[in-house]
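In what follows, a single structure is set out as structure tokens and then discussed.
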There are 2 protein chains.
Amino acid sequence: MATLPPLPARGWAAQAADAQLAPIDFERRAPREGDVVIDIDWCGICHSDLHTARNEWHGTMYPCVPGHEIIGTVRELGPGVTTFAPGDTVGVGCLVDSCRECDACQRGLEQFCRGGVMTYNSPDADFDHATFGGYSNAIVVQDRFVLRIPDGLDPAAAAPILCAGITTWSPLRHYKAGPGTRVGVAGFGGLGLMAIKLAAALGAEVTAITRSPAKAERARAAGAHDVIVSTERDDLRRVRESLDLIIDTIPVTHALDPYVKLLRLDGTLVIVGAVEPITEGVDARLLLARRRSVTGSPIGGLPETQELLDFCAERGITADIEKIPADGINAAYEKMAAGQLDFRYVIDMSTM
Amino acid sequence: MATLPPLPARGWAAQAADAQLAPIDFERRAPREGDVVIDIDWCGICHSDLHTARNEWHGTMYPCVPGHEIIGTVRELGPGVTTFAPGDTVGVGCLVDSCRECDACQRGLEQFCRGGVMTYNSPDADFDHATFGGYSNAIVVQDRFVLRIPDGLDPAAAAPILCAGITTWSPLRHYKAGPGTRVGVAGFGGLGLMAIKLAAALGAEVTAITRSPAKAERARAAGAHDVIVSTERDDLRRVRESLDLIIDTIPVTHALDPYVKLLRLDGTLVIVGAVEPITEGVDARLLLARRRSVTGSPIGGLPETQELLDFCAERGITADIEKIPADGINAAYEKMAAGQLDFRYVIDMSTM
């Protein structure tokens, strides 16, 4: 296999921070032991894609093909792959490789591996450039990082589960959301909506916390049992000291104290939407008074992502999406940049 | 018993924020069902005493008799007390009562009871003033809030266990410090020194983190296996991502990020020294990258305080103290205000 030629691929790439995305021809590595060659059918657009394409987080290597919410069909297999067959519907999320030997990898927490390879804009040992993501017709990925998309899960609407979904699922599971627990979800974009759906499906009592009263109905439809407006003192007072867990998806710097106050004894606020990373200072007395914690959680590991996909199939949970053709990516970016969307754009790769 | 007269008591009190402490005569409540009347032998001086006496935290009710590290001898018992006998050596810490019915009380976490009554400067249902603390010859306390001082524990040197000790013990136990865990202790005052001793005695690998290289020997003598200087990049780099738990006893506002970076996956920084309560902002990426938590912990509950006293007796652990007469309180306050002391002053009440 090592002598096979690289795989030709097409995609949509940013060539510079201020450039629109445009078609590009490039190469994927020649399939090797353990590789799965996937024809990409759908790719969700995550807000990270935009930040990276525009170099807003610095370190973007151009050309940059974004995309880490990938749904596709197995085209062929490298040697040694036994868990997939051509024609299988599969997914690839934010990670395409890791060291597999460290403690984190052995615990299935590949998101914490120091040798983790992100799906795009990550140093790639195979080529002289960064990894290329899912805005593309095909991808080559090691089998450990390929996920099974269960029958019955709409492939396009499943794409955002691979990033927005797992990012909220991982802390919901780690902090044991379920019957008898009260979960708050702060922020109401793609992550917030998934967090509401998943927490409610896990059996938790869910309180959506939004700045916009107009979103209350939408939050209830997603499964929220209660909706409070973060600027309403009476709302905050009503929920004060009652939540076990808050999934904080707010992507801009915000005061944490009003949310911390909603936590009960031993409650935890988990930051998952740290697009603007430096938090405001916290009143430590609020932490001490109820032994509350502020923590963060990044995406998730492969076993828990598979668990989530299986859970979503069983419960009929998908993301709220809008399908777009490949040449709609730039317009979608503009809308995304203009404000937090409460649905995910998913690119139809058959249009590429 | 309800018709018994109040108990005359003497103490040292601040009469105003800018006044020196001076002798005062006052009354304790008449002993009632469940009360223990204690002749106070020793009382530790906590930094909180000074903050409260000087109204630096606001809300001080004058006259204010501080003191919540109380060691004494049982003088007599109210009806129904079966767990103590006259002559017993006993202790009273930061709490003298609680509702006993809430979830926190039922779990022995009285420090989180909303109806908790602090040992001094707390509203007191029995009188028209706040509770009076341990800078006094006697105190009347409900038996649930009286601790047994085991034989073999030096009474004077045990006094600081009741505040400095339990404040560090509670998070060490809650976050499971022990063999196989690595614990950092930030700050090197009364709390820091107790944290080092207790973490080491629990079997944890202890790293003292100090601003002052001069304190290294002292930290090692207390049980630290390693000492790093918080301003030395090489020291910080060496310990980076290696600690499971940091007990942060630093009493002034400080950047948390350099400490958070020392935590490994799922590590926790516990603020216990929040004298200046508002933290600096934290880089949420540091939290996300390793699922690290920042939390806080206040004093401790009664069962865990008794557990700590028993542990200290068994292991021969006491605080480093300097005994002073009652008329040395004001001079001790001056020294305490001038800089964080690495020992505790303990007032000899026989001098009052």
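If you're wondering about the labels, chains in the structure tokens are A, B, ... by order shown, residues count from 1 in each chain, ligands from 1 in order shown.
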message: With 7 Å as the limit and counting only C-alpha atoms, what residues in chain B lie close to chain A? Please list them as number ranges by chain.
response: B: 112, 274, 277-285, 287-298
Extract the full set of helix (DSSP H, G or I) residues from stretch 16-231 of chain B according to DSSP on the backbone, and format it as a CSV table (one decimal) with all heavy atoms, in the first residue's frame.
chain,number,residue,atom,x,y,z
B,47,HIS,N,-6.6,35.1,60.7
B,47,HIS,CA,-6.6,36.4,60.0
B,47,HIS,C,-8.0,37.0,59.9
B,47,HIS,O,-8.2,38.2,59.8
B,47,HIS,CB,-5.9,36.2,58.6
B,47,HIS,CG,-5.1,37.4,58.2
B,47,HIS,ND1,-5.8,38.5,57.7
B,47,HIS,CD2,-3.8,37.7,58.2
B,47,HIS,CE1,-4.8,39.4,57.4
B,47,HIS,NE2,-3.6,38.9,57.7
B,48,SER,N,-9.0,36.1,59.8
B,48,SER,CA,-10.4,36.6,59.7
B,48,SER,C,-10.7,37.4,61.0
B,48,SER,O,-11.6,38.3,60.9
B,48,SER,CB,-11.4,35.4,59.7
B,48,SER,OG,-11.0,34.4,58.8
B,49,ASP,N,-10.2,37.1,62.1
B,49,ASP,CA,-10.5,37.8,63.3
B,49,ASP,C,-10.1,39.3,63.1
B,49,ASP,O,-10.9,40.2,63.5
B,49,ASP,CB,-9.6,37.3,64.5
B,49,ASP,CG,-9.9,35.8,64.8
B,49,ASP,OD1,-10.8,35.2,64.2
B,49,ASP,OD2,-9.2,35.3,65.7
B,50,LEU,N,-8.9,39.5,62.6
B,50,LEU,CA,-8.5,40.9,62.3
B,50,LEU,C,-9.4,41.6,61.3
B,50,LEU,O,-9.8,42.7,61.5
B,50,LEU,CB,-7.0,40.8,61.8
B,50,LEU,CG,-6.3,42.1,61.5
B,50,LEU,CD1,-4.8,42.0,61.8
B,50,LEU,CD2,-6.6,42.6,60.1
B,51,HIS,N,-9.7,40.9,60.2
B,51,HIS,CA,-10.6,41.5,59.2
B,51,HIS,C,-11.9,41.9,59.8
B,51,HIS,O,-12.5,42.9,59.5
B,51,HIS,CB,-10.8,40.5,58.0
B,51,HIS,CG,-9.6,40.3,57.2
B,51,HIS,ND1,-9.0,41.4,56.4
B,51,HIS,CD2,-8.8,39.3,56.9
B,51,HIS,CE1,-8.0,40.9,55.8
B,51,HIS,NE2,-7.8,39.6,56.1
B,52,THR,N,-12.4,41.0,60.6
B,52,THR,CA,-13.8,41.3,61.2
B,52,THR,C,-13.7,42.4,62.3
B,52,THR,O,-14.5,43.3,62.3
B,52,THR,CB,-14.3,40.0,61.8
B,52,THR,OG1,-14.3,39.0,60.8
B,52,THR,CG2,-15.8,40.2,62.3
B,53,ALA,N,-12.7,42.3,63.2
B,53,ALA,CA,-12.5,43.3,64.2
B,53,ALA,C,-12.4,44.7,63.6
B,53,ALA,O,-12.9,45.7,64.1
B,53,ALA,CB,-11.3,43.0,65.1
B,103,ASP,N,-30.5,19.4,53.9
B,103,ASP,CA,-29.7,18.3,53.3
B,103,ASP,C,-28.2,18.4,53.7
B,103,ASP,O,-27.6,17.4,54.0
B,103,ASP,CB,-29.8,18.4,51.7
B,103,ASP,CG,-29.0,17.4,51.0
B,103,ASP,OD1,-29.3,16.2,51.3
B,103,ASP,OD2,-28.2,17.7,50.2
B,104,ALA,N,-27.7,19.7,53.7
B,104,ALA,CA,-26.3,19.8,54.1
B,104,ALA,C,-26.1,19.4,55.5
B,104,ALA,O,-25.1,18.6,55.8
B,104,ALA,CB,-25.9,21.3,53.9
B,105,CYS,N,-26.9,19.7,56.4
B,105,CYS,CA,-26.8,19.3,57.8
B,105,CYS,C,-26.9,17.8,58.0
B,105,CYS,O,-26.1,17.2,58.7
B,105,CYS,CB,-27.9,20.0,58.7
B,105,CYS,SG,-27.5,21.7,59.1
B,106,GLN,N,-27.8,17.2,57.2
B,106,GLN,CA,-28.0,15.8,57.3
B,106,GLN,C,-26.8,15.0,56.8
B,106,GLN,O,-26.5,13.9,57.2
B,106,GLN,CB,-29.3,15.4,56.7
B,106,GLN,CG,-30.5,15.8,57.5
B,106,GLN,CD,-31.8,15.3,57.0
B,106,GLN,OE1,-31.9,14.4,56.2
B,106,GLN,NE2,-32.9,16.0,57.4
B,110,GLU,N,-22.4,21.0,57.7
B,110,GLU,CA,-23.0,22.1,58.3
B,110,GLU,C,-22.5,23.5,57.8
B,110,GLU,O,-23.1,24.5,57.9
B,110,GLU,CB,-22.8,22.1,59.9
B,110,GLU,CG,-23.5,20.9,60.5
B,110,GLU,CD,-22.6,19.6,60.6
B,110,GLU,OE1,-21.5,19.6,59.9
B,110,GLU,OE2,-23.0,18.7,61.3
B,111,GLN,N,-21.3,23.5,57.3
B,111,GLN,CA,-20.7,24.7,56.7
B,111,GLN,C,-21.6,25.3,55.6
B,111,GLN,O,-21.4,26.4,55.2
B,111,GLN,CB,-19.2,24.5,56.3
B,111,GLN,CG,-19.0,23.7,55.0
B,111,GLN,CD,-18.8,22.3,55.2
B,111,GLN,OE1,-19.5,21.6,56.1
B,111,GLN,NE2,-18.0,21.6,54.4
B,112,PHE,N,-22.4,24.4,55.0
B,112,PHE,CA,-23.2,24.9,53.9
B,112,PHE,C,-24.7,25.1,54.3
B,112,PHE,O,-25.5,25.4,53.5
B,112,PHE,CB,-23.2,23.9,52.7
B,112,PHE,CG,-21.8,23.7,52.1
B,112,PHE,CD1,-21.2,22.5,52.3
B,112,PHE,CD2,-21.2,24.8,51.5
B,112,PHE,CE1,-19.9,22.3,51.7
B,112,PHE,CE2,-19.9,24.6,50.9
B,112,PHE,CZ,-19.3,23.4,51.1
B,143,ASP,N,-24.1,20.7,71.9
B,143,ASP,CA,-23.1,19.6,71.9
B,143,ASP,C,-22.7,19.1,70.5
B,143,ASP,O,-21.6,18.7,70.3
B,143,ASP,CB,-23.7,18.4,72.7
B,143,ASP,CG,-25.1,18.0,72.3
B,143,ASP,OD1,-25.7,18.6,71.4
B,143,ASP,OD2,-25.6,17.0,72.9
B,144,ARG,N,-23.6,19.3,69.6
B,144,ARG,CA,-23.3,18.8,68.2
B,144,ARG,C,-22.1,19.6,67.6
B,144,ARG,O,-21.4,19.2,66.7
B,144,ARG,CB,-24.5,19.0,67.3
B,144,ARG,CG,-24.3,18.7,65.8
B,144,ARG,CD,-25.5,18.9,65.0
B,144,ARG,NE,-25.2,18.7,63.6
B,144,ARG,CZ,-26.0,18.1,62.7
B,144,ARG,NH1,-27.2,17.7,63.1
B,144,ARG,NH2,-25.7,18.0,61.4
B,145,PHE,N,-21.9,20.8,68.2
B,145,PHE,CA,-20.9,21.7,67.6
B,145,PHE,C,-19.6,21.7,68.5
B,145,PHE,O,-18.7,22.5,68.3
B,145,PHE,CB,-21.4,23.1,67.4
B,145,PHE,CG,-22.5,23.0,66.3
B,145,PHE,CD1,-23.8,22.7,66.5
B,145,PHE,CD2,-22.1,23.2,65.0
B,145,PHE,CE1,-24.7,22.6,65.5
B,145,PHE,CE2,-23.0,23.1,63.9
B,145,PHE,CZ,-24.3,22.8,64.2
B,155,PRO,N,-3.1,20.7,73.5
B,155,PRO,CA,-4.3,21.6,73.3
B,155,PRO,C,-4.0,22.9,72.7
B,155,PRO,O,-4.8,23.3,71.8
B,155,PRO,CB,-4.8,21.7,74.8
B,155,PRO,CG,-4.3,20.6,75.5
B,155,PRO,CD,-2.9,20.3,74.9
B,156,ALA,N,-3.0,23.6,73.0
B,156,ALA,CA,-2.7,24.9,72.4
B,156,ALA,C,-2.5,24.8,71.0
B,156,ALA,O,-3.0,25.5,70.1
B,156,ALA,CB,-1.6,25.6,73.2
B,157,ALA,N,-1.6,23.8,70.6
B,157,ALA,CA,-1.2,23.7,69.2
B,157,ALA,C,-2.3,23.0,68.4
B,157,ALA,O,-2.2,23.0,67.1
B,157,ALA,CB,0.1,22.8,69.1
B,158,ALA,N,-3.3,22.5,69.0
B,158,ALA,CA,-4.5,21.9,68.3
B,158,ALA,C,-5.5,23.0,67.9
B,158,ALA,O,-6.3,22.8,67.0
B,158,ALA,CB,-5.2,20.9,69.2
B,159,ALA,N,-5.4,24.2,68.6
B,159,ALA,CA,-6.4,25.2,68.3
B,159,ALA,C,-6.6,25.5,66.8
B,159,ALA,O,-7.7,25.6,66.3
B,159,ALA,CB,-6.1,26.4,69.2
B,160,PRO,N,-5.5,25.8,66.1
B,160,PRO,CA,-5.6,26.2,64.7
B,160,PRO,C,-6.1,25.1,63.8
B,160,PRO,O,-6.5,25.4,62.7
B,160,PRO,CB,-4.2,26.6,64.3
B,160,PRO,CG,-3.5,27.0,65.6
B,160,PRO,CD,-4.1,26.0,66.6
B,161,ILE,N,-6.1,23.9,64.3
B,161,ILE,CA,-6.7,22.8,63.5
B,161,ILE,C,-8.2,23.1,63.2
B,161,ILE,O,-8.7,22.7,62.2
B,161,ILE,CB,-6.6,21.4,64.2
B,161,ILE,CG1,-5.1,21.0,64.3
B,161,ILE,CG2,-7.4,20.3,63.6
B,161,ILE,CD1,-4.8,19.8,65.2
B,162,LEU,N,-8.8,23.8,64.2
B,162,LEU,CA,-10.3,24.0,64.1
B,162,LEU,C,-10.7,25.0,63.0
B,162,LEU,O,-11.8,25.1,62.7
B,162,LEU,CB,-10.8,24.5,65.5
B,162,LEU,CG,-10.6,23.4,66.6
B,162,LEU,CD1,-10.7,24.1,68.0
B,162,LEU,CD2,-11.6,22.3,66.4
B,164,ALA,N,-7.7,26.8,60.5
B,164,ALA,CA,-6.7,26.6,59.4
B,164,ALA,C,-6.7,25.1,59.0
B,164,ALA,O,-6.5,24.8,57.8
B,164,ALA,CB,-5.4,27.1,59.9
B,165,GLY,N,-6.7,24.2,59.9
B,165,GLY,CA,-6.7,22.8,59.6
B,165,GLY,C,-7.8,22.3,58.8
B,165,GLY,O,-7.7,21.8,57.7
B,166,ILE,N,-9.0,22.5,59.3
B,166,ILE,CA,-10.2,22.0,58.6
B,166,ILE,C,-10.4,22.6,57.3
B,166,ILE,O,-10.9,22.0,56.3
B,166,ILE,CB,-11.5,22.1,59.5
B,166,ILE,CG1,-12.7,21.4,58.9
B,166,ILE,CG2,-11.8,23.5,59.8
B,166,ILE,CD1,-12.5,19.9,58.6
B,167,THR,N,-10.0,23.9,57.1
B,167,THR,CA,-10.2,24.6,55.9
B,167,THR,C,-9.4,23.9,54.7
B,167,THR,O,-9.8,23.9,53.6
B,167,THR,CB,-9.8,26.1,56.0
B,167,THR,OG1,-10.7,26.6,57.0
B,167,THR,CG2,-9.9,26.8,54.7
B,168,THR,N,-8.3,23.3,55.1
B,168,THR,CA,-7.5,22.6,54.1
B,168,THR,C,-7.8,21.1,54.0
B,168,THR,O,-7.8,20.5,53.0
B,168,THR,CB,-6.0,22.8,54.3
B,168,THR,OG1,-5.6,22.4,55.6
B,168,THR,CG2,-5.6,24.3,54.2
B,169,TRP,N,-8.2,20.6,55.2
B,169,TRP,CA,-8.5,19.1,55.3
B,169,TRP,C,-9.8,18.8,54.4
B,169,TRP,O,-9.8,17.8,53.7
B,169,TRP,CB,-8.7,18.8,56.7
B,169,TRP,CG,-9.2,17.3,57.0
B,169,TRP,CD1,-10.5,16.9,57.3
B,169,TRP,CD2,-8.3,16.2,57.0
B,169,TRP,NE1,-10.5,15.6,57.5
B,169,TRP,CE2,-9.2,15.1,57.3
B,169,TRP,CE3,-7.0,15.9,56.8
B,169,TRP,CZ2,-8.7,13.8,57.5
B,169,TRP,CZ3,-6.5,14.6,57.0
B,169,TRP,CH2,-7.4,13.6,57.3
B,170,SER,N,-10.8,19.7,54.5
B,170,SER,CA,-12.0,19.4,53.9
B,170,SER,C,-11.8,19.2,52.4
B,170,SER,O,-12.3,18.2,51.8
B,170,SER,CB,-13.0,20.5,54.2
B,170,SER,OG,-14.3,20.2,53.6
B,171,PRO,N,-11.2,20.1,51.7
B,171,PRO,CA,-10.9,19.9,50.2
B,171,PRO,C,-10.0,18.8,49.9
B,171,PRO,O,-10.1,18.0,48.9
B,171,PRO,CB,-10.4,21.2,49.7
B,171,PRO,CG,-9.9,22.0,50.9
B,171,PRO,CD,-10.8,21.5,52.0
B,172,LEU,N,-9.0,18.6,50.8
B,172,LEU,CA,-8.0,17.4,50.6
B,172,LEU,C,-8.8,16.1,50.6
B,172,LEU,O,-8.6,15.2,49.8
B,172,LEU,CB,-7.0,17.4,51.7
B,172,LEU,CG,-5.8,18.5,51.6
B,172,LEU,CD1,-5.0,18.5,52.8
B,172,LEU,CD2,-5.0,18.2,50.4
B,173,ARG,N,-9.8,16.0,51.5
B,173,ARG,CA,-10.6,14.8,51.6
B,173,ARG,C,-11.6,14.7,50.5
B,173,ARG,O,-11.8,13.7,49.8
B,173,ARG,CB,-11.3,14.7,52.9
B,173,ARG,CG,-10.3,14.6,54.1
B,173,ARG,CD,-9.7,13.2,54.2
B,173,ARG,NE,-10.7,12.2,54.7
B,173,ARG,CZ,-10.5,10.9,54.6
B,173,ARG,NH1,-9.5,10.4,54.0
B,173,ARG,NH2,-11.4,10.1,55.2
B,174,HIS,N,-12.3,15.9,50.2
B,174,HIS,CA,-13.3,15.9,49.2
B,174,HIS,C,-12.8,15.5,47.8
B,174,HIS,O,-13.4,14.8,47.0
B,174,HIS,CB,-14.0,17.2,49.2
B,174,HIS,CG,-15.2,17.3,48.2
B,174,HIS,ND1,-16.4,16.6,48.5
B,174,HIS,CD2,-15.4,17.9,47.1
B,174,HIS,CE1,-17.2,16.9,47.5
B,174,HIS,NE2,-16.7,17.7,46.6
B,190,GLY,N,-0.5,30.3,57.6
B,190,GLY,CA,-1.1,29.3,58.5
B,190,GLY,C,-1.8,28.2,57.8
B,190,GLY,O,-1.6,27.0,58.1
B,191,LEU,N,-2.6,28.5,56.8
B,191,LEU,CA,-3.3,27.5,56.0
B,191,LEU,C,-2.4,26.7,55.2
B,191,LEU,O,-2.5,25.5,55.1
B,191,LEU,CB,-4.3,28.2,55.1
B,191,LEU,CG,-5.8,28.4,55.6
B,191,LEU,CD1,-5.8,29.3,56.8
B,191,LEU,CD2,-6.7,28.8,54.5
B,192,GLY,N,-1.4,27.3,54.5
B,192,GLY,CA,-0.5,26.6,53.6
B,192,GLY,C,0.3,25.6,54.3
B,192,GLY,O,0.4,24.4,53.9
B,193,LEU,N,0.8,26.0,55.5
B,193,LEU,CA,1.6,25.1,56.3
B,193,LEU,C,0.8,23.9,56.7
B,193,LEU,O,1.3,22.7,56.7
B,193,LEU,CB,2.2,25.8,57.5
B,193,LEU,CG,3.5,25.3,58.1
B,193,LEU,CD1,4.6,25.1,57.1
B,193,LEU,CD2,4.0,26.3,59.1
B,194,MET,N,-0.5,24.1,57.2
B,194,MET,CA,-1.3,23.0,57.6
B,194,MET,C,-1.6,22.1,56.4
B,194,MET,O,-1.6,20.9,56.5
B,194,MET,CB,-2.6,23.5,58.2
B,194,MET,CG,-2.6,24.0,59.6
B,194,MET,SD,-1.9,22.7,60.8
B,194,MET,CE,-3.2,21.5,60.8
B,195,ALA,N,-1.9,22.7,55.2
B,195,ALA,CA,-2.2,21.9,54.0
B,195,ALA,C,-1.0,21.0,53.6
B,195,ALA,O,-1.2,19.8,53.3
B,195,ALA,CB,-2.5,22.9,52.8
B,196,ILE,N,0.2,21.5,53.7
B,196,ILE,CA,1.4,20.7,53.4
B,196,ILE,C,1.4,19.5,54.4
B,196,ILE,O,1.6,18.3,54.0
B,196,ILE,CB,2.7,21.5,53.5
B,196,ILE,CG1,2.7,22.6,52.4
B,196,ILE,CG2,3.9,20.6,53.5
B,196,ILE,CD1,3.9,23.6,52.6
B,197,LYS,N,1.3,19.8,55.7
B,197,LYS,CA,1.4,18.7,56.7
B,197,LYS,C,0.3,17.6,56.5
B,197,LYS,O,0.6,16.4,56.5
B,197,LYS,CB,1.2,19.3,58.1
B,197,LYS,CG,2.4,20.1,58.6
B,197,LYS,CD,2.1,20.6,60.0
B,197,LYS,CE,3.2,21.5,60.5
B,197,LYS,NZ,3.1,21.8,61.9
B,198,LEU,N,-0.9,18.1,56.2
B,198,LEU,CA,-2.0,17.2,56.1
B,198,LEU,C,-2.0,16.4,54.8
B,198,LEU,O,-2.2,15.2,54.8
B,198,LEU,CB,-3.4,17.9,56.2
B,198,LEU,CG,-3.6,18.6,57.6
B,198,LEU,CD1,-4.9,19.4,57.5
B,198,LEU,CD2,-3.7,17.6,58.7
B,199,ALA,N,-1.6,17.0,53.7
B,199,ALA,CA,-1.6,16.3,52.4
B,199,ALA,C,-0.5,15.3,52.5
B,199,ALA,O,-0.6,14.1,52.0
B,199,ALA,CB,-1.3,17.3,51.3
B,200,ALA,N,0.7,15.6,53.1
B,200,ALA,CA,1.8,14.7,53.2
B,200,ALA,C,1.4,13.5,54.1
B,200,ALA,O,1.6,12.3,53.8
B,200,ALA,CB,3.0,15.4,53.7
B,201,ALA,N,0.7,13.8,55.2
B,201,ALA,CA,0.3,12.7,56.1
B,201,ALA,C,-0.7,11.8,55.5
B,201,ALA,O,-0.8,10.6,55.8
B,201,ALA,CB,-0.3,13.3,57.4
B,213,PRO,N,11.8,31.8,48.0
B,213,PRO,CA,12.7,30.7,48.0
B,213,PRO,C,13.2,30.4,49.5
B,213,PRO,O,13.5,29.3,49.8
B,213,PRO,CB,13.9,31.1,47.1
B,213,PRO,CG,13.5,32.2,46.3
B,213,PRO,CD,12.3,32.9,47.1
B,214,ALA,N,13.2,31.5,50.3
B,214,ALA,CA,13.7,31.3,51.7
B,214,ALA,C,12.8,30.3,52.5
B,214,ALA,O,13.2,29.8,53.5
B,214,ALA,CB,13.7,32.7,52.3
B,215,LYS,N,11.6,30.1,52.0
B,215,LYS,CA,10.7,29.2,52.7
B,215,LYS,C,10.8,27.8,52.4
B,215,LYS,O,10.1,26.9,52.9
B,215,LYS,CB,9.2,29.7,52.5
B,215,LYS,CG,9.0,31.1,53.2
B,215,LYS,CD,7.6,31.5,53.2
B,215,LYS,CE,7.4,32.8,54.0
B,215,LYS,NZ,6.0,33.3,53.8
B,216,ALA,N,11.7,27.5,51.4
B,216,ALA,CA,11.8,26.1,50.9
B,216,ALA,C,12.1,25.1,52.1
B,216,ALA,O,11.4,24.0,52.2
B,216,ALA,CB,12.8,26.0,49.9
B,217,GLU,N,13.0,25.4,52.9
B,217,GLU,CA,13.4,24.5,54.0
B,217,GLU,C,12.3,24.2,54.9
B,217,GLU,O,12.0,23.1,55.3
B,217,GLU,CB,14.6,25.1,54.7
B,217,GLU,CG,15.5,24.0,55.4
B,217,GLU,CD,16.7,24.6,56.1
B,217,GLU,OE1,17.2,25.6,55.5
B,217,GLU,OE2,17.0,24.2,57.2
B,218,ARG,N,11.6,25.3,55.2
B,218,ARG,CA,10.4,25.2,56.1
B,218,ARG,C,9.4,24.3,55.5
B,218,ARG,O,8.7,23.5,56.2
B,218,ARG,CB,9.9,26.6,56.4
B,218,ARG,CG,8.8,26.8,57.4
B,218,ARG,CD,9.4,26.9,58.8
B,218,ARG,NE,8.3,26.8,59.8
B,218,ARG,CZ,7.5,27.7,60.0
B,218,ARG,NH1,7.6,28.9,59.4
B,218,ARG,NH2,6.5,27.5,60.9
B,219,ALA,N,9.1,24.5,54.2
B,219,ALA,CA,8.1,23.7,53.5
B,219,ALA,C,8.5,22.2,53.5
B,219,ALA,O,7.7,21.3,53.8
B,219,ALA,CB,7.9,24.2,52.1
B,220,ARG,N,9.8,22.0,53.3
B,220,ARG,CA,10.2,20.6,53.3
B,220,ARG,C,10.1,19.9,54.7
B,220,ARG,O,9.7,18.8,54.8
B,220,ARG,CB,11.7,20.5,52.8
B,220,ARG,CG,11.8,20.7,51.3
B,220,ARG,CD,13.2,20.4,50.8
B,220,ARG,NE,13.4,21.0,49.5
B,220,ARG,CZ,13.1,20.3,48.4
B,220,ARG,NH1,12.5,19.1,48.5
B,220,ARG,NH2,13.2,20.8,47.2
B,221,ALA,N,10.4,20.7,55.7
B,221,ALA,CA,10.3,20.2,57.1
B,221,ALA,C,8.9,19.9,57.4
B,221,ALA,O,8.6,18.9,58.2
B,221,ALA,CB,10.8,21.3,58.1
B,222,ALA,N,7.9,20.6,56.8
B,222,ALA,CA,6.5,20.3,57.0
B,222,ALA,C,6.0,19.1,56.3
B,222,ALA,O,4.9,18.6,56.5
B,222,ALA,CB,5.7,21.6,56.7
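Within 6 Å of stretch 338-351 of chain A there are A:Asp41, A:Trp42, A:Cys43, A:Gly44, A:Ile45, A:Gly189, A:Gly190, A:Asp320, A:Ile321, A:Glu322, A:Lys323, A:Ile324, A:Pro325, A:Ala326, counting only C-alpha atoms and ignoring same-chain residues fewer than 4 positions away.
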task: Compile the contact shell of B:Ile40 as a ChimeraX atom specification: residues with an atom at most 7 Å away, counting only C-alpha atoms, same-chain residues fewer than 3 positions apart removed.
output: /B:70-73,136-138,349
- prompt: Between atom CA of B:Arg237 and atom CA of A:Gly59, what is the distance, to one decimal in Å?
  reply: 23.2 Å
- request: Using DSSP on the backbone coordinates, identify the residues of stretch 87-165 of chain A assigned to strand (DSSP E or B); present them as a ChimeraX atom specification.
  value: /A:89-92,95-97,117-118,123,130,136,138-142,147-148
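Across B:Gly108, B:Gly184, B:Gly328, B:Gly133, the tightest approach to B:Pro303 is made by B:Gly108 when counting only C-alpha atoms.
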message: List as an NGL selection string the protein and nucleic acid residues near stretch 15-23 of chain A, meaning an atom at most 10 Å away when only C-alpha atoms are counted, but skip any in the same chain fewer than 2 places from it.
response: :A and (10-13 or 25-26 or 50-56 or 58 or 60-66 or 135-136 or 326-331 or 333 or 352)
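The smallest atom-to-atom distance between A:Asp257 and any of A:Gly91, A:Glu101, A:Leu236, A:Thr181, using only C-alpha atoms, is found for A:Leu236.
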- prompt: Do you know which residues are at most 7 Å from B:Glu27 counting only C-alpha atoms, after dropping those on the same chain fewer than 4 positions away, and could you put them as a PyMOL selection string?
  reply: chain B and resi 6-9
Any chance you could export the current selection's N, CA, C and O atoms as a compact mmCIF listing (two decimals), in the first residue's frame?
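Saved file out-v2.txt follows:
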# COMPACT_ATOMS: atom_id res chain seq x y z
N PRO B 6 -28.41 34.17 82.68
CA PRO B 6 -27.31 34.14 81.72
C PRO B 6 -25.98 33.99 82.44
O PRO B 6 -25.86 34.32 83.63
N LEU B 7 -24.99 33.49 81.74
CA LEU B 7 -23.68 33.20 82.31
C LEU B 7 -22.77 34.40 82.15
O LEU B 7 -22.52 34.85 81.03
N PRO B 8 -22.26 34.94 83.25
CA PRO B 8 -21.34 36.07 83.10
C PRO B 8 -20.05 35.60 82.42
O PRO B 8 -19.58 34.49 82.70
N ALA B 9 -19.51 36.43 81.55
CA ALA B 9 -18.28 36.07 80.85
C ALA B 9 -17.40 37.30 80.68
O ALA B 9 -17.88 38.44 80.74
